[in-house]
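The structure appears right after this line, and notes come after that.
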Amino acid sequence: DQQVKQNSPSLSVQEGRISILNCDYTNSMFDYFLWYKKYPAEGPTFLISISSIKDKNEDGRFTVFLNKSAKHLSLHIVPSQPGDSAVYFCAASTGGTSYGKLTFGQGTILTVHP
Amino acid sequence: KAGVTQTPRYLIKTRGQQVTLSCSPISGHRSVSWYQQTPGQGLQFLFEYFSETQRNKGNFPGRFSGRQFSNSRSEMNVSTLELGDSALYLCASTPGQSYGYTFGSGTRLTVV
């Protein structure tokens, strides 16, 4: 039972354009969501997070949107840069004392072309 | 500031053996989590420790165990290794939920 799904295995965009990565979840108990970026042979790097009490959070070029009714979140990267090319994972937790248990999606490979 | 340090980086073991992996979290981080990453299953949660207590546990068999010491350093142990245990094992730490987790570079375990 995959509770967090990233249905697009890969995404290719041109440098300077917007990258939109999507994530769906099924567990309505999730109340905290995170996005991570991962390069080969490295651990994931935390990018941005959002609590279920919000519908948007921005940090520089990264914005995460949460649609609780649709159980959907997305990560927008504007403008996209070649250095953004990596695997992107969304993750979710049920919060409280369970915030340490993250459920990850399968990842989306983002390629930004110069 | 030092990041999350995992040792060793690479390990080759034989089926049936046991292995211990080590994780030193960022200073001041009391929550330490472990994950297994494989090509087929992605990133899967193993367990989380907070103040030397296992607070959360994933769906892994009892061969997978861990502990946390008073200085927040953590170890995970896998006994009676199977070929399917070959994976990248990642450790992560955080001072609290809103800070996100900082991951180490992982230990690549190969079981032959």
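Every chain in the structure tokens takes a letter, A first, then B, and so on in the order presented; its residues are numbered from 1, and the ligands are numbered from 1 following the presented order.
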
Task: Proximal residues of chain B relative to chain A (only C-alpha atoms; 7 Å) as an MDAnalysis selection string - done: chainID B and resid 33 42:43 45 48 56 90 97 100:106

TODO: Name the residues of chain A that come out as helix (DSSP H, G or I) in a backbone DSSP run; write them as an MDAnalysis selection string.
DONE: chainID A and resid 82:84 96:98

- [ ] Pick out the closest residue to Ser86 of chain B from this set: B:Arg63, B:Arg108, B:Arg9, B:His29. Count only C-alpha atoms.
- [x] B:Arg108

Task: Residue neighbourhood segment 11-23 of chain B, 7 Å, only C-alpha atoms, exclusion window fewer than 3 positions, as a list of chain:residue names - done: B:Thr5, B:Gln6, B:Thr7, B:Pro8, B:Arg73, B:Ser74, B:Glu75, B:Met76, B:Asn77, B:Val78, B:Ser79, B:Thr80, B:Leu81, B:Glu82, B:Leu83, B:Cys91, B:Arg108, B:Leu109, B:Thr110, B:Val111, B:Val112

TODO: Using only C-alpha atoms, determine which residues lie at most 12 Å from Asp55 of chain A, disregarding the query and same-chain residues fewer than 2 positions distant; provide the list as a PyMOL selection string.
DONE: chain A and resi 31-33+49-53+57-58+63-75

- [ ] Run DSSP on the backbone and grab whatever in segment 13-93 of chain B lands in strand (DSSP E); send it over as a VMD selection string.
- [x] chain B and resid 13 19 to 24 31 to 38 42 to 50 53 to 57 64 to 68 74 to 78 87 to 93

Mind writing the picked residues with N, CA and C atoms as a tab-separated table (two decimals), in the first residue's frame?
chain	number	residue	atom	x	y	z
B	13	LYS	N	29.25	-7.98	3.11
B	13	LYS	CA	29.09	-9.06	4.08
B	13	LYS	C	28.56	-10.30	3.38
B	19	VAL	N	25.71	-7.34	10.93
B	19	VAL	CA	26.42	-6.10	10.65
B	19	VAL	C	25.90	-5.00	11.56
B	20	THR	N	26.80	-4.09	11.91
B	20	THR	CA	26.44	-2.93	12.72
B	20	THR	C	26.85	-1.67	11.98
B	21	LEU	N	25.90	-0.76	11.82
B	21	LEU	CA	26.16	0.51	11.15
B	21	LEU	C	26.06	1.62	12.19
B	22	SER	N	26.86	2.66	11.99
B	22	SER	CA	26.91	3.72	12.98
B	22	SER	C	26.50	5.06	12.39
B	23	CYS	N	25.88	5.89	13.23
B	23	CYS	CA	25.43	7.20	12.81
B	23	CYS	C	25.70	8.22	13.91
B	24	SER	N	26.39	9.30	13.57
B	24	SER	CA	26.59	10.41	14.50
B	24	SER	C	25.76	11.58	14.01
B	31	SER	N	16.56	13.54	17.79
B	31	SER	CA	15.81	12.54	17.02
B	31	SER	C	16.69	12.00	15.90
B	32	VAL	N	16.82	10.69	15.84
B	32	VAL	CA	17.61	10.03	14.80
B	32	VAL	C	16.75	8.95	14.17
B	33	SER	N	16.65	8.99	12.84
B	33	SER	CA	15.86	7.99	12.11
B	33	SER	C	16.75	7.23	11.14
B	34	TRP	N	16.33	6.02	10.84
B	34	TRP	CA	17.05	5.18	9.88
B	34	TRP	C	16.11	4.79	8.74
B	35	TYR	N	16.67	4.76	7.53
B	35	TYR	CA	15.91	4.40	6.34
B	35	TYR	C	16.73	3.43	5.49
B	36	GLN	N	16.00	2.59	4.78
B	36	GLN	CA	16.62	1.69	3.81
B	36	GLN	C	16.18	2.13	2.42
B	37	GLN	N	17.15	2.28	1.52
B	37	GLN	CA	16.81	2.63	0.15
B	37	GLN	C	17.24	1.52	-0.79
B	38	THR	N	16.28	1.00	-1.54
B	38	THR	CA	16.55	0.00	-2.57
B	38	THR	C	15.89	0.44	-3.86
B	42	GLY	N	12.28	1.85	-2.91
B	42	GLY	CA	12.49	3.26	-2.58
B	42	GLY	C	13.00	3.43	-1.17
B	43	LEU	N	12.67	4.57	-0.57
B	43	LEU	CA	13.12	4.88	0.79
B	43	LEU	C	12.08	4.39	1.78
B	44	GLN	N	12.49	3.47	2.64
B	44	GLN	CA	11.56	2.92	3.62
B	44	GLN	C	12.06	3.16	5.03
B	45	PHE	N	11.16	3.57	5.88
B	45	PHE	CA	11.47	3.89	7.27
B	45	PHE	C	11.74	2.62	8.06
B	46	LEU	N	12.85	2.63	8.80
B	46	LEU	CA	13.19	1.49	9.66
B	46	LEU	C	12.76	1.76	11.10
B	47	PHE	N	13.35	2.77	11.72
B	47	PHE	CA	12.97	3.15	13.08
B	47	PHE	C	13.51	4.54	13.40
B	48	GLU	N	12.96	5.10	14.48
B	48	GLU	CA	13.37	6.41	14.96
B	48	GLU	C	13.65	6.33	16.45
B	49	TYR	N	14.72	6.98	16.85
B	49	TYR	CA	15.07	7.06	18.26
B	49	TYR	C	15.05	8.50	18.72
B	50	PHE	N	14.57	8.67	19.94
B	50	PHE	CA	14.52	10.01	20.55
B	50	PHE	C	14.90	9.84	22.01
B	53	THR	N	15.32	6.30	23.30
B	53	THR	CA	14.14	5.42	23.26
B	53	THR	C	13.66	5.27	21.83
B	54	GLN	N	13.31	4.05	21.46
B	54	GLN	CA	12.73	3.85	20.14
B	54	GLN	C	11.31	4.40	20.16
B	55	ARG	N	11.07	5.42	19.36
B	55	ARG	CA	9.78	6.10	19.41
B	55	ARG	C	8.85	5.62	18.29
B	56	ASN	N	9.44	5.27	17.15
B	56	ASN	CA	8.65	4.79	16.03
B	56	ASN	C	9.37	3.64	15.36
B	57	LYS	N	8.59	2.73	14.78
B	57	LYS	CA	9.18	1.56	14.13
B	57	LYS	C	8.47	1.30	12.82
B	64	PHE	N	16.26	-6.60	12.19
B	64	PHE	CA	16.70	-5.20	12.15
B	64	PHE	C	16.46	-4.58	13.53
B	65	SER	N	17.50	-4.09	14.12
B	65	SER	CA	17.36	-3.47	15.44
B	65	SER	C	18.27	-2.25	15.51
B	66	GLY	N	18.05	-1.47	16.54
B	66	GLY	CA	18.89	-0.28	16.68
B	66	GLY	C	18.96	0.14	18.12
B	67	ARG	N	19.75	1.17	18.35
B	67	ARG	CA	19.80	1.77	19.67
B	67	ARG	C	20.38	3.16	19.55
B	68	GLN	N	20.16	3.93	20.60
B	68	GLN	CA	20.70	5.29	20.65
B	68	GLN	C	21.38	5.48	21.99
B	74	SER	N	23.79	6.85	17.19
B	74	SER	CA	22.91	5.70	17.02
B	74	SER	C	23.60	4.60	16.23
B	75	GLU	N	23.20	3.39	16.49
B	75	GLU	CA	23.67	2.25	15.72
B	75	GLU	C	22.46	1.44	15.27
B	76	MET	N	22.60	0.81	14.10
B	76	MET	CA	21.60	-0.17	13.72
B	76	MET	C	22.31	-1.48	13.42
B	77	ASN	N	21.65	-2.55	13.73
B	77	ASN	CA	22.21	-3.88	13.59
B	77	ASN	C	21.28	-4.74	12.73
B	78	VAL	N	21.86	-5.47	11.84
B	78	VAL	CA	21.08	-6.44	11.06
B	78	VAL	C	21.72	-7.81	11.28
B	87	ALA	N	21.46	-2.81	0.29
B	87	ALA	CA	20.76	-1.53	0.14
B	87	ALA	C	21.67	-0.41	0.60
B	88	LEU	N	21.17	0.81	0.40
B	88	LEU	CA	21.79	1.99	0.99
B	88	LEU	C	21.04	2.29	2.28
B	89	TYR	N	21.74	2.32	3.39
B	89	TYR	CA	21.12	2.61	4.68
B	89	TYR	C	21.44	4.05	5.06
B	90	LEU	N	20.38	4.81	5.27
B	90	LEU	CA	20.52	6.23	5.54
B	90	LEU	C	20.08	6.56	6.95
B	91	CYS	N	20.83	7.44	7.56
B	91	CYS	CA	20.50	7.92	8.89
B	91	CYS	C	20.18	9.41	8.76
B	92	ALA	N	19.25	9.89	9.55
B	92	ALA	CA	18.88	11.30	9.50
B	92	ALA	C	18.62	11.81	10.91
B	93	SER	N	18.87	13.09	11.13
B	93	SER	CA	18.60	13.65	12.46
B	93	SER	C	17.92	15.01	12.32

- [ ] Can you pull out every residue within 10 Å of Asn27 of chain A, counting only C-alpha atoms, but drop anything in the same chain fewer than 5 positions away, and send it as a VMD selection string?
- [x] chain A and resid 2 to 4 71 92 to 94

Open item on the list: Just to confirm, what's the straight-line distance from atom CA of Ala86 of chain A to atom CA of Tyr39 of chain A in Å (one decimal)?
Closed with: 5.4 Å
